[in-house]
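Engineer: Supplied structure: entry-v3.tsv, TSV, C-alpha atoms.
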chain	number	residue	atom	x	y	z
A	1	MET	CA	-104.27	-105.59	-12.69
A	2	PRO	CA	-101.50	-107.52	-10.92
A	3	THR	CA	-101.17	-110.36	-13.38
A	4	ALA	CA	-98.33	-111.20	-15.74
A	5	ALA	CA	-98.87	-112.41	-19.29
A	6	PHE	CA	-95.45	-114.09	-19.19
A	7	ALA	CA	-94.49	-117.34	-17.52
A	8	ILE	CA	-92.07	-116.40	-14.77
A	9	ASP	CA	-89.80	-119.36	-15.42
A	10	ILE	CA	-88.71	-117.99	-18.81
A	11	PHE	CA	-86.45	-115.43	-17.15
A	12	PRO	CA	-82.78	-116.28	-16.41
A	13	GLU	CA	-81.33	-116.70	-12.95
A	14	PRO	CA	-79.89	-113.41	-11.64
A	15	ALA	CA	-76.28	-114.54	-12.13
A	16	ALA	CA	-76.96	-115.30	-15.81
A	17	LEU	CA	-78.24	-111.80	-16.64
A	18	PRO	CA	-75.89	-109.68	-18.78
A	19	ALA	CA	-74.52	-106.47	-17.27
A	20	LYS	CA	-75.96	-103.25	-18.74
A	21	PRO	CA	-74.49	-100.23	-16.94
A	22	GLU	CA	-76.65	-97.87	-19.00
A	23	LEU	CA	-80.35	-97.48	-18.21
A	24	PRO	CA	-82.37	-100.13	-20.07
A	25	ASP	CA	-84.60	-98.66	-22.74
A	26	PRO	CA	-88.21	-99.16	-21.56
A	27	LEU	CA	-89.31	-99.49	-25.20
A	28	VAL	CA	-86.98	-102.43	-25.93
A	29	MET	CA	-88.27	-105.91	-25.21
A	30	PHE	CA	-86.30	-108.49	-23.22
A	31	ASP	CA	-85.44	-110.21	-26.53
A	32	GLY	CA	-84.06	-106.94	-27.99
A	33	SER	CA	-86.94	-106.04	-30.30
A	34	ARG	CA	-88.17	-102.44	-30.23
A	35	ILE	CA	-91.67	-101.21	-29.45
A	36	THR	CA	-92.85	-98.45	-31.81
A	37	THR	CA	-96.63	-98.30	-31.35
A	38	ARG	CA	-98.99	-97.81	-28.45
A	39	ASP	CA	-100.76	-101.06	-29.32
A	40	ASP	CA	-97.50	-103.03	-29.04
A	41	TRP	CA	-96.68	-101.29	-25.75
A	42	GLU	CA	-100.03	-102.34	-24.33
A	43	ALA	CA	-100.03	-105.86	-25.72
A	44	LYS	CA	-96.35	-106.80	-25.41
A	45	ARG	CA	-94.00	-104.58	-23.46
A	46	LYS	CA	-96.24	-103.54	-20.57
A	47	PRO	CA	-97.12	-107.14	-19.60
A	48	GLU	CA	-93.47	-108.12	-19.95
A	49	LEU	CA	-92.25	-105.24	-17.76
A	50	ARG	CA	-94.86	-106.04	-15.12
A	51	ALA	CA	-93.60	-109.62	-15.06
A	52	LEU	CA	-89.95	-108.51	-14.90
A	53	VAL	CA	-90.31	-106.11	-11.98
A	54	GLN	CA	-92.23	-108.71	-10.01
A	55	HIS	CA	-89.75	-111.49	-10.80
A	56	TYR	CA	-86.56	-109.56	-10.10
A	57	GLU	CA	-87.52	-106.97	-7.47
A	58	TYR	CA	-90.77	-107.21	-5.50
A	59	GLY	CA	-91.92	-110.79	-5.92
A	60	ARG	CA	-95.11	-112.02	-7.53
A	61	ILE	CA	-98.08	-109.93	-6.39
A	62	PRO	CA	-100.90	-112.22	-5.28
A	63	ALA	CA	-104.13	-112.36	-7.25
A	64	ALA	CA	-107.24	-110.70	-5.86
A	65	PRO	CA	-108.83	-112.84	-3.15
A	66	GLY	CA	-111.66	-115.15	-4.07
A	67	LYS	CA	-113.68	-113.77	-1.20
A	68	LEU	CA	-113.64	-110.17	0.03
A	69	GLU	CA	-115.89	-108.85	2.80
A	70	PHE	CA	-116.47	-105.34	4.18
A	71	ARG	CA	-117.62	-104.88	7.77
A	72	PRO	CA	-118.12	-101.57	9.61
A	73	LEU	CA	-115.77	-100.91	12.51
A	74	ALA	CA	-116.86	-97.32	13.13
A	75	GLU	CA	-120.18	-96.09	11.76
A	76	SER	CA	-120.39	-92.80	9.84
A	77	ARG	CA	-120.01	-89.77	12.09
A	78	GLU	CA	-119.34	-86.07	11.59
A	79	ILE	CA	-115.81	-84.73	11.85
A	80	PHE	CA	-114.14	-81.33	11.38
A	81	GLY	CA	-117.19	-79.48	12.64
A	82	GLY	CA	-119.52	-81.23	10.22
A	83	LYS	CA	-117.43	-80.61	7.09
A	84	ALA	CA	-116.87	-84.34	6.62
A	85	THR	CA	-118.06	-87.76	7.66
A	86	LEU	CA	-115.74	-90.45	8.97
A	87	ARG	CA	-116.12	-94.21	8.94
A	88	GLU	CA	-113.80	-97.16	9.36
A	89	ILE	CA	-114.25	-100.43	7.52
A	90	ALA	CA	-112.73	-103.87	8.08
A	91	VAL	CA	-111.63	-105.23	4.70
A	92	ARG	CA	-111.39	-109.00	5.13
A	93	TRP	CA	-110.00	-111.47	2.60
A	94	ASP	CA	-110.56	-115.22	2.30
A	95	ASP	CA	-111.16	-115.62	6.05
A	96	ARG	CA	-107.39	-115.22	6.53
A	97	GLY	CA	-106.81	-111.62	7.45
A	98	GLU	CA	-108.15	-108.11	7.42
A	99	MET	CA	-107.14	-104.47	7.42
A	100	ALA	CA	-108.93	-101.42	8.76
A	101	LEU	CA	-109.67	-98.78	6.11
A	102	LEU	CA	-110.38	-95.24	7.30
A	103	VAL	CA	-112.59	-93.24	4.92
A	104	ILE	CA	-113.29	-89.49	5.32
A	105	VAL	CA	-115.58	-87.82	2.79
A	106	PRO	CA	-116.62	-84.14	2.38
A	107	THR	CA	-120.19	-83.54	3.53
A	108	LYS	CA	-120.95	-80.92	0.88
A	109	ARG	CA	-120.63	-82.41	-2.59
A	110	ALA	CA	-122.71	-82.09	-5.73
A	111	LYS	CA	-121.35	-85.29	-7.27
A	112	PRO	CA	-118.97	-88.14	-6.40
A	113	VAL	CA	-115.56	-86.81	-5.34
A	114	ALA	CA	-111.97	-87.72	-6.07
A	115	CYS	CA	-110.23	-89.66	-3.32
A	116	PHE	CA	-106.66	-89.94	-2.04
A	117	VAL	CA	-105.87	-93.34	-0.55
A	118	GLY	CA	-102.65	-93.59	1.42
A	119	LEU	CA	-100.66	-96.15	3.36
A	120	ASN	CA	-99.74	-95.08	6.90
A	121	PHE	CA	-96.98	-96.17	9.29
A	122	ASN	CA	-98.66	-96.21	12.70
A	123	GLY	CA	-102.41	-96.81	12.47
A	124	ASN	CA	-105.47	-94.90	11.31
A	125	HIS	CA	-106.00	-93.41	14.77
A	126	ALA	CA	-102.87	-91.28	14.32
A	127	LEU	CA	-104.43	-89.38	11.40
A	128	VAL	CA	-107.43	-88.02	13.30
A	129	ASN	CA	-108.28	-87.40	16.93
A	130	ASP	CA	-111.43	-89.52	17.16
A	131	GLU	CA	-112.15	-92.16	19.78
A	132	ALA	CA	-114.15	-94.28	17.33
A	133	VAL	CA	-111.10	-95.13	15.21
A	134	ARG	CA	-109.47	-98.46	16.04
A	135	ILE	CA	-105.95	-98.64	17.48
A	136	PRO	CA	-104.17	-101.68	15.98
A	137	PRO	CA	-102.56	-104.20	18.35
A	138	ALA	CA	-99.05	-103.56	16.99
A	139	ALA	CA	-96.67	-102.13	19.61
A	140	ARG	CA	-95.84	-99.04	17.53
A	141	SER	CA	-99.56	-98.31	17.14
A	142	GLN	CA	-100.29	-98.74	20.84
A	143	GLU	CA	-97.58	-96.19	21.61
A	144	MET	CA	-98.88	-93.64	19.08
A	145	PRO	CA	-101.35	-91.07	20.53
A	146	ARG	CA	-104.58	-90.37	18.66
A	147	GLY	CA	-104.21	-87.50	16.24
A	148	LYS	CA	-100.40	-87.46	16.49
A	149	GLU	CA	-100.11	-87.16	12.69
A	150	LEU	CA	-102.84	-84.56	12.10
A	151	GLU	CA	-100.30	-82.19	10.52
A	152	THR	CA	-98.50	-84.96	8.64
A	153	TRP	CA	-101.64	-86.05	6.81
A	154	ALA	CA	-103.47	-82.69	6.79
A	155	VAL	CA	-106.77	-84.43	6.10
A	156	GLU	CA	-108.89	-81.34	6.77
A	157	GLN	CA	-106.98	-79.44	4.08
A	158	SER	CA	-107.93	-82.12	1.53
A	159	ILE	CA	-111.56	-82.04	2.69
A	160	ASP	CA	-111.62	-78.26	2.26
A	161	ARG	CA	-110.36	-78.72	-1.31
A	162	GLY	CA	-113.17	-81.18	-2.08
A	163	TYR	CA	-111.27	-84.48	-1.83
A	164	ALA	CA	-112.04	-87.60	0.17
A	165	VAL	CA	-109.17	-89.27	2.04
A	166	ALA	CA	-108.78	-92.96	2.84
A	167	SER	CA	-105.93	-94.71	4.62
A	168	PHE	CA	-104.83	-98.05	6.05
A	169	PHE	CA	-101.99	-99.21	8.31
A	170	ASN	CA	-99.23	-101.15	6.54
A	171	GLY	CA	-98.85	-103.41	9.58
A	172	ASP	CA	-102.40	-104.70	9.12
A	173	VAL	CA	-101.21	-106.41	5.92
A	174	ILE	CA	-97.58	-107.28	6.76
A	175	PRO	CA	-95.66	-106.00	9.82
A	176	ASP	CA	-92.77	-103.74	8.86
A	177	ASP	CA	-90.34	-105.92	10.80
A	178	LYS	CA	-87.68	-108.14	9.26
A	179	ALA	CA	-88.01	-110.68	12.08
A	180	THR	CA	-91.77	-111.27	11.89
A	181	ALA	CA	-92.61	-110.37	8.27
A	182	PRO	CA	-91.39	-113.68	6.75
A	183	GLU	CA	-93.98	-115.70	8.68
A	184	TRP	CA	-96.81	-113.38	7.58
A	185	LEU	CA	-95.60	-113.46	3.98
A	186	LYS	CA	-96.18	-117.22	3.74
A	187	ALA	CA	-99.94	-116.64	3.55
A	188	PHE	CA	-99.50	-114.48	0.43
A	189	ALA	CA	-97.45	-116.89	-1.69
A	190	PRO	CA	-99.45	-117.54	-4.89
A	191	PRO	CA	-100.29	-121.12	-5.91
A	192	GLY	CA	-97.26	-122.83	-7.40
A	193	ILE	CA	-94.73	-120.52	-5.73
A	194	SER	CA	-93.03	-121.58	-2.52
A	195	PRO	CA	-92.82	-118.89	0.19
A	196	GLU	CA	-89.05	-119.44	0.09
A	197	ALA	CA	-88.81	-118.98	-3.70
A	198	ALA	CA	-86.63	-116.16	-5.00
A	199	ASN	CA	-89.66	-114.57	-6.68
A	200	ALA	CA	-92.15	-115.09	-3.84
A	201	PRO	CA	-94.00	-111.92	-2.82
A	202	ALA	CA	-92.12	-109.68	-0.41
A	203	THR	CA	-93.51	-107.01	1.87
A	204	ILE	CA	-93.81	-104.10	-0.59
A	205	ALA	CA	-95.65	-106.36	-3.05
A	206	CYS	CA	-98.14	-107.32	-0.34
A	207	TRP	CA	-98.63	-103.73	0.77
A	208	ALA	CA	-99.35	-102.86	-2.88
A	209	TRP	CA	-101.90	-105.69	-2.85
A	210	GLY	CA	-103.45	-103.93	0.16
A	211	PHE	CA	-103.80	-100.74	-1.90
A	212	MET	CA	-105.71	-102.76	-4.46
A	213	ARG	CA	-108.09	-104.09	-1.83
A	214	ALA	CA	-108.71	-100.53	-0.64
A	215	VAL	CA	-109.57	-99.58	-4.23
A	216	ASP	CA	-111.94	-102.57	-4.37
A	217	TYR	CA	-113.94	-100.98	-1.55
A	218	LEU	CA	-113.67	-97.34	-2.58
A	219	ALA	CA	-114.73	-98.02	-6.17
A	220	GLN	CA	-118.07	-99.32	-4.86
A	221	GLN	CA	-118.93	-96.25	-2.79
A	222	PRO	CA	-121.50	-93.89	-4.33
A	223	GLU	CA	-119.88	-90.76	-2.89
A	224	ILE	CA	-116.48	-91.55	-4.46
A	225	ASP	CA	-115.68	-91.31	-8.17
A	226	PRO	CA	-114.01	-94.64	-9.09
A	227	LYS	CA	-112.24	-92.97	-12.01
A	228	ARG	CA	-110.53	-90.41	-9.76
A	229	ILE	CA	-108.73	-92.45	-7.12
A	230	ALA	CA	-105.17	-91.35	-6.35
A	231	VAL	CA	-102.58	-93.21	-4.28
A	232	VAL	CA	-100.03	-91.55	-2.03
A	233	GLY	CA	-97.32	-92.74	0.33
A	234	HIS	CA	-94.14	-91.50	1.95
A	235	SER	CA	-90.74	-93.26	1.91
A	236	ARG	CA	-91.29	-97.07	1.84
A	237	ASN	CA	-95.01	-96.41	1.55
A	238	GLY	CA	-94.23	-94.25	-1.49
A	239	LYS	CA	-92.42	-97.17	-3.11
A	240	THR	CA	-95.60	-99.14	-2.51
A	241	ALA	CA	-97.91	-96.47	-3.93
A	242	LEU	CA	-95.92	-96.39	-7.18
A	243	LEU	CA	-95.89	-100.20	-7.48
A	244	ALA	CA	-99.64	-100.33	-6.88
A	245	ALA	CA	-100.27	-97.75	-9.60
A	246	ALA	CA	-97.94	-99.56	-12.01
A	247	MET	CA	-99.92	-102.77	-11.55
A	248	ASP	CA	-103.51	-101.53	-11.15
A	249	GLU	CA	-104.97	-99.26	-13.82
A	250	ARG	CA	-107.95	-98.32	-11.70
A	251	ILE	CA	-105.56	-95.94	-9.93
A	252	ALA	CA	-105.80	-92.60	-11.74
A	253	LEU	CA	-102.80	-90.79	-10.24
A	254	SER	CA	-99.78	-91.66	-8.10
A	255	ILE	CA	-97.76	-89.44	-5.73
A	256	PRO	CA	-94.77	-91.29	-4.24
A	257	SER	CA	-93.13	-89.00	-1.67
A	258	GLN	CA	-89.35	-89.29	-1.20
A	259	ALA	CA	-89.56	-92.95	-2.19
A	260	GLY	CA	-85.87	-93.34	-3.00
A	261	CYS	CA	-84.06	-96.63	-3.64
A	262	GLY	CA	-86.36	-99.45	-4.65
A	263	GLY	CA	-89.02	-96.88	-5.47
A	264	THR	CA	-88.42	-93.75	-7.53
A	265	SER	CA	-84.61	-93.43	-7.61
A	266	PRO	CA	-82.35	-95.55	-9.83
A	267	ALA	CA	-80.85	-98.85	-8.68
A	268	ARG	CA	-77.90	-97.93	-10.89
A	269	VAL	CA	-76.68	-95.20	-8.53
A	270	ALA	CA	-74.05	-92.92	-10.04
A	271	PRO	CA	-70.65	-93.76	-8.49
A	272	GLU	CA	-70.15	-90.20	-7.32
A	273	LEU	CA	-73.39	-90.44	-5.32
A	274	ALA	CA	-72.97	-93.99	-4.04
A	275	LYS	CA	-69.44	-93.76	-2.62
A	276	VAL	CA	-69.25	-90.27	-1.18
A	277	THR	CA	-67.49	-90.06	2.19
A	278	GLY	CA	-67.82	-87.30	4.75
A	279	ARG	CA	-71.18	-86.03	3.45
A	280	PRO	CA	-74.63	-87.42	2.64
A	281	ARG	CA	-74.88	-89.88	-0.23
A	282	ALA	CA	-77.59	-91.78	-2.08
A	283	GLU	CA	-78.90	-95.13	-0.86
A	284	THR	CA	-77.97	-98.17	-2.95
A	285	PRO	CA	-79.60	-101.62	-3.36
A	286	VAL	CA	-76.91	-103.06	-1.07
A	287	ASP	CA	-77.87	-100.57	1.64
A	288	ILE	CA	-81.60	-101.13	1.39
A	289	THR	CA	-81.58	-104.93	1.16
A	290	LYS	CA	-79.21	-105.14	4.11
A	291	GLY	CA	-81.37	-102.88	6.28
A	292	PHE	CA	-84.78	-104.05	5.07
A	293	PRO	CA	-84.45	-107.56	3.59
A	294	HIS	CA	-88.17	-108.23	3.98
A	295	TRP	CA	-89.17	-105.50	1.51
A	296	PHE	CA	-87.79	-107.18	-1.62
A	297	CYS	CA	-87.76	-110.65	-3.12
A	298	GLY	CA	-84.76	-112.96	-3.14
A	299	ASN	CA	-83.84	-112.17	-6.74
A	300	PHE	CA	-83.42	-108.46	-5.95
A	301	LYS	CA	-81.24	-109.27	-2.96
A	302	ALA	CA	-79.13	-111.50	-5.23
A	303	LEU	CA	-78.68	-108.56	-7.63
A	304	ALA	CA	-78.08	-105.88	-4.98
A	305	ALA	CA	-74.31	-105.74	-5.51
A	306	THR	CA	-74.67	-105.86	-9.32
A	307	PRO	CA	-77.69	-103.66	-10.13
A	308	GLU	CA	-76.33	-103.19	-13.66
A	309	LYS	CA	-77.67	-106.70	-14.32
A	310	LEU	CA	-81.26	-105.70	-13.66
A	311	PRO	CA	-83.15	-105.80	-16.99
A	312	PHE	CA	-84.98	-102.61	-15.97
A	313	ASP	CA	-84.60	-99.73	-13.54
A	314	GLN	CA	-87.11	-97.71	-11.56
A	315	HIS	CA	-88.13	-95.65	-14.57
A	316	ALA	CA	-89.91	-98.84	-15.66
A	317	LEU	CA	-92.31	-98.51	-12.72
A	318	ILE	CA	-93.09	-94.93	-13.74
A	319	ALA	CA	-93.49	-95.94	-17.40
A	320	LEU	CA	-95.98	-98.66	-16.42
A	321	CYS	CA	-98.30	-95.93	-15.14
A	322	ALA	CA	-98.60	-94.31	-18.58
A	323	PRO	CA	-100.71	-92.40	-19.50
A	324	ARG	CA	-101.74	-91.70	-15.88
A	325	PRO	CA	-100.05	-88.78	-14.08
A	326	VAL	CA	-97.20	-89.41	-11.63
A	327	LEU	CA	-95.74	-86.77	-9.31
A	328	LEU	CA	-92.39	-87.41	-7.60
A	329	SER	CA	-92.08	-85.32	-4.43
A	330	ASN	CA	-88.76	-84.65	-2.68
A	331	ALA	CA	-86.80	-82.58	-0.14
A	332	GLU	CA	-83.47	-80.82	-0.65
A	333	GLU	CA	-81.76	-82.35	2.38
A	334	ASP	CA	-82.96	-85.89	1.67
A	335	ILE	CA	-79.90	-86.88	-0.35
A	336	TRP	CA	-80.37	-90.51	0.75
A	337	ALA	CA	-83.52	-90.62	-1.45
A	338	ASN	CA	-81.48	-89.31	-4.44
A	339	PRO	CA	-83.68	-86.41	-5.66
A	340	GLU	CA	-81.46	-85.87	-8.70
A	341	GLY	CA	-81.68	-89.53	-9.67
A	342	GLN	CA	-85.45	-89.41	-9.31
A	343	PHE	CA	-85.67	-86.64	-11.89
A	344	GLU	CA	-83.48	-88.80	-14.13
A	345	MET	CA	-86.07	-91.59	-13.77
A	346	LEU	CA	-88.84	-89.22	-14.91
A	347	ARG	CA	-86.84	-88.26	-17.96
A	348	ALA	CA	-86.10	-91.93	-18.72
A	349	ALA	CA	-89.83	-92.78	-18.58
A	350	ASP	CA	-90.70	-89.85	-20.84
A	351	PRO	CA	-90.38	-91.76	-24.18
A	352	VAL	CA	-93.11	-94.18	-23.08
A	353	TYR	CA	-95.40	-91.31	-22.08
A	354	ARG	CA	-94.73	-89.59	-25.42
A	355	LEU	CA	-95.70	-92.80	-27.22
A	356	VAL	CA	-98.78	-93.50	-25.11
A	357	ALA	CA	-100.02	-90.02	-24.12
A	358	LYS	CA	-98.22	-87.64	-26.52
A	359	GLU	CA	-96.86	-85.77	-23.48
A	360	GLY	CA	-94.72	-86.51	-20.44
A	361	CYS	CA	-92.13	-84.52	-18.52
A	362	ASP	CA	-92.19	-80.87	-19.59
A	363	ALA	CA	-88.66	-80.04	-18.42
A	364	THR	CA	-85.15	-81.18	-19.25
A	365	ALA	CA	-83.67	-79.93	-15.95
A	366	ARG	CA	-84.89	-80.33	-12.39
A	367	PRO	CA	-87.19	-77.44	-11.40
A	368	PRO	CA	-86.08	-74.99	-8.70
A	369	SER	CA	-86.85	-75.72	-5.07
A	370	GLY	CA	-90.44	-74.84	-4.18
A	371	GLN	CA	-91.65	-74.81	-7.80
A	372	LEU	CA	-94.10	-77.51	-8.94
A	373	LEU	CA	-93.52	-79.08	-12.34
A	374	ALA	CA	-97.16	-79.99	-12.98
A	375	SER	CA	-96.77	-81.92	-16.24
A	376	ARG	CA	-98.13	-85.44	-16.68
A	377	LEU	CA	-94.79	-86.62	-15.35
A	378	GLY	CA	-94.44	-84.15	-12.48
A	379	TYR	CA	-91.74	-83.22	-10.01
A	380	PHE	CA	-91.53	-81.18	-6.82
A	381	ILE	CA	-88.72	-80.50	-4.38
A	382	ARG	CA	-88.77	-78.25	-1.33
A	383	PRO	CA	-86.35	-77.20	1.41
A	384	GLY	CA	-86.18	-79.58	4.36
A	385	LYS	CA	-85.65	-83.19	5.32
A	386	HIS	CA	-87.22	-86.62	4.90
A	387	SER	CA	-90.80	-86.02	6.00
A	388	MET	CA	-94.40	-85.63	4.84
A	389	THR	CA	-95.87	-82.23	5.67
A	390	THR	CA	-98.97	-80.07	5.39
A	391	ALA	CA	-97.09	-77.95	2.83
A	392	ASP	CA	-96.41	-81.04	0.72
A	393	TRP	CA	-100.11	-81.86	0.71
A	394	ALA	CA	-100.97	-78.35	-0.49
A	395	VAL	CA	-98.75	-78.90	-3.55
A	396	TRP	CA	-100.10	-82.41	-4.13
A	397	LEU	CA	-103.62	-81.01	-4.09
A	398	ASP	CA	-102.61	-78.42	-6.68
A	399	TYR	CA	-101.29	-81.24	-8.85
A	400	ALA	CA	-104.45	-83.29	-8.34
A	401	ASP	CA	-106.57	-80.24	-9.21
A	402	ARG	CA	-104.94	-80.17	-12.60
A	403	TRP	CA	-105.25	-83.88	-13.36
A	404	LEU	CA	-108.28	-85.14	-11.40
A	405	LYS	CA	-110.66	-82.21	-11.73
Represent the structure from my file as structure tokens, please.

Structural biologist:
Amino acid sequence: MPTAAFAIDIFPEPAALPAKPELPDPLVMFDGSRITTRDDWEAKRKPELRALVQHYEYGRIPAAPGKLEFRPLAESREIFGGKATLREIAVRWDDRGEMALLVIVPTKRAKPVACFVGLNFNGNHALVNDEAVRIPPAARSQEMPRGKELETWAVEQSIDRGYAVASFFNGDVIPDDKATAPEWLKAFAPPGISPEAANAPATIACWAWGFMRAVDYLAQQPEIDPKRIAVVGHSRNGKTALLAAAMDERIALSIPSQAGCGGTSPARVAPELAKVTGRPRAETPVDITKGFPHWFCGNFKALAATPEKLPFDQHALIALCAPRPVLLSNAEEDIWANPEGQFEMLRAADPVYRLVAKEGCDATARPPSGQLLASRLGYFIRPGKHSMTTADWAVWLDYADRWLK
């Protein structure tokens, strides 16, 4: 769960952190002591890493709300010719805000089913062509036709494979806009932390909190197996899916798609990838915090030009999911998301998985394009650009079949 066992004020200011150009060992504590047993990982290093990534990158994830209410927005109705039922729920917290959660469940099922829950960019109405689904008031949602992303989300394909699908709009939690997000973020600052503090929750942390509220609802539904809930997201939403899984152990599997910098690729970008001219290069912390300052907390922005001072890298997020499966999904032409660096992050998280689960990434080199590496730490890359496609979902379902069925 999104709580830290460490007081956040024990960590140094960003400028006081020592430079470590090499990847930090996920099994070495902040004080330099080494973790050698699963019990010590669970009791010591995992809580410390959770505190570190919140303090220096995403901001402190708020606690679960004291009051959470579920209200129907669209009653259950048949969809896909009767193969599934659709409903939409308002998830409301502490009388302060709410998000709409779309839930689509296979009609034919002998027992509770596994469920993918994903964060979407434009509103639930874009995933299906159904007049009952709410269109959010955000301008980008109002401009998005119903069913525009039918192929992107390929919900019917998941239904045919026996999975439920749930989704919510990131703008229901925090608008993805650097001008308006700061005002919304003030409501999420935990007690004792000023909204202006360098470790106050930023947008990705709050979106991850939204994933947790979706799980709160889904875990109570009799047609959904609470032990087989998977999270998925593309690009910035993929960063969020991985963070949510790292912080909430109710999530059984995570598939961050092309999540890149601040998600699944290293902050310590290899110089040959960060400074290439005349051809595509990998995104760096300087790039991402300049373009999207609302995604990350003040401490990460302070470290953007010196990522070698971070006391962790993105392999720590993957390691925090152990022993649960994680699949990194990529595209050959999406160099900006650093597919090679993402495989490096899998390999760097492997020692934790070996300690905790006795297995991890079953390859020492990146698999060929189009070939799924379906190990507990999985990897997939296909031809094409930065996008989420029906073909991607087919591979993700294959991966889920191995680990959730």

Engineer: Leaving out Lys111 of chain A and any residue of its chain fewer than 5 positions from it, which residues lie within 10 Å of it when counting only C-alpha atoms, given as an NGL selection string?

Structural biologist: :A and (222-225)

Engineer: Compute the distance from (-87.7, -88.2, -15.6) to each atom, counting all atoms listed in the file, keep the residues with any atom at most 9 Å away, and return them as an MDAnalysis selection string; use the coordinates of the file.

Structural biologist: chainID A and resid 315 318 341:350 360:361 363:364 366 377:379

Engineer: Could you tell me which of A:Ile381, A:Ala139, A:Ala197, A:Leu23 comes closest to Leu328 of chain A if we count all atoms listed in the file?

Structural biologist: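 Under the stated criterion, the closest residue is A:Ile381.
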
Engineer: Distance atom CA of Leu317 of chain A-atom CA of Ala51 of chain A, one decimal place?

Structural biologist: 11.4 Å

Engineer: Give me, please, the distance in Å between atom CA of Glu183 of chain A and atom CA of Phe296 of chain A, quoted to one decimal.

Structural biologist: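 Taking atom CA of Glu183 of chain A as the start and atom CA of Phe296 of chain A as the end point, the length is 14.7 Å.
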
Engineer: Hey, what's within 12 Å of Gly81 of chain A if we count all atoms listed in the file and toss same-chain stuff fewer than 2 positions away? As an MDAnalysis selection string, please?

Structural biologist: chainID A and resid 77:79 83:86 106:107 156 159:160

Engineer: Find the residue from A:His294, A:Arg87, A:Lys227, A:Lys46 that sits nearest to Cys321 of chain A; use all atoms listed in the file when measuring.

Structural biologist: A:Lys46

Engineer: Using only C-alpha atoms, which residue out of A:Ala90, A:Ala63, A:Val105, A:Val286 lies closest to Val269 of chain A?

Structural biologist: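 Under the stated criterion, the closest residue is A:Val286.
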
Engineer: Just to confirm, what's the straight-line distance from atom CA of Asn299 of chain A to atom CA of Asn170 of chain A in Å (one decimal)?

Structural biologist: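 Interatomic distance here is 23.1 Å.
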
Engineer: Measuring atom to atom with all atoms listed in the file, identify which of A:Ala208, A:Asp94, A:Ala305, A:Ala357 is nearest to Gly66 of chain A.

Structural biologist: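 Closest to Gly66 of chain A of all the choices is A:Asp94.
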
Engineer: What would segment 233-244 of chain A look like with N, CA and C atoms restored, written as a short mmCIF file (atom, residue, chain, number, x, y, z; two decimals), in the coordinates of the input?

Structural biologist:
data_model
loop_
_atom_site.label_atom_id
_atom_site.label_comp_id
_atom_site.auth_asym_id
_atom_site.auth_seq_id
_atom_site.Cartn_x
_atom_site.Cartn_y
_atom_site.Cartn_z
N GLY A 233 -98.07 -92.11 -0.76
CA GLY A 233 -97.32 -92.74 0.33
C GLY A 233 -95.99 -92.06 0.47
N HIS A 234 -95.43 -92.14 1.66
CA HIS A 234 -94.14 -91.50 1.95
C HIS A 234 -93.09 -92.57 2.23
N SER A 235 -91.89 -92.38 1.67
CA SER A 235 -90.74 -93.26 1.91
C SER A 235 -91.07 -94.67 1.42
N ARG A 236 -90.98 -95.70 2.27
CA ARG A 236 -91.29 -97.07 1.84
C ARG A 236 -92.73 -97.19 1.38
N ASN A 237 -93.61 -96.41 1.98
CA ASN A 237 -95.01 -96.41 1.55
C ASN A 237 -95.16 -95.75 0.18
N GLY A 238 -94.24 -94.84 -0.15
CA GLY A 238 -94.23 -94.25 -1.49
C GLY A 238 -93.79 -95.26 -2.54
N LYS A 239 -92.81 -96.09 -2.20
CA LYS A 239 -92.42 -97.17 -3.11
C LYS A 239 -93.65 -98.02 -3.42
N THR A 240 -94.42 -98.29 -2.37
CA THR A 240 -95.60 -99.14 -2.51
C THR A 240 -96.67 -98.48 -3.36
N ALA A 241 -96.89 -97.18 -3.15
CA ALA A 241 -97.91 -96.47 -3.93
C ALA A 241 -97.58 -96.51 -5.43
N LEU A 242 -96.30 -96.35 -5.76
CA LEU A 242 -95.92 -96.39 -7.18
C LEU A 242 -96.11 -97.80 -7.75
N LEU A 243 -95.71 -98.83 -7.00
CA LEU A 243 -95.89 -100.20 -7.48
C LEU A 243 -97.37 -100.51 -7.69
N ALA A 244 -98.21 -100.08 -6.74
CA ALA A 244 -99.64 -100.33 -6.88
C ALA A 244 -100.20 -99.69 -8.14
#
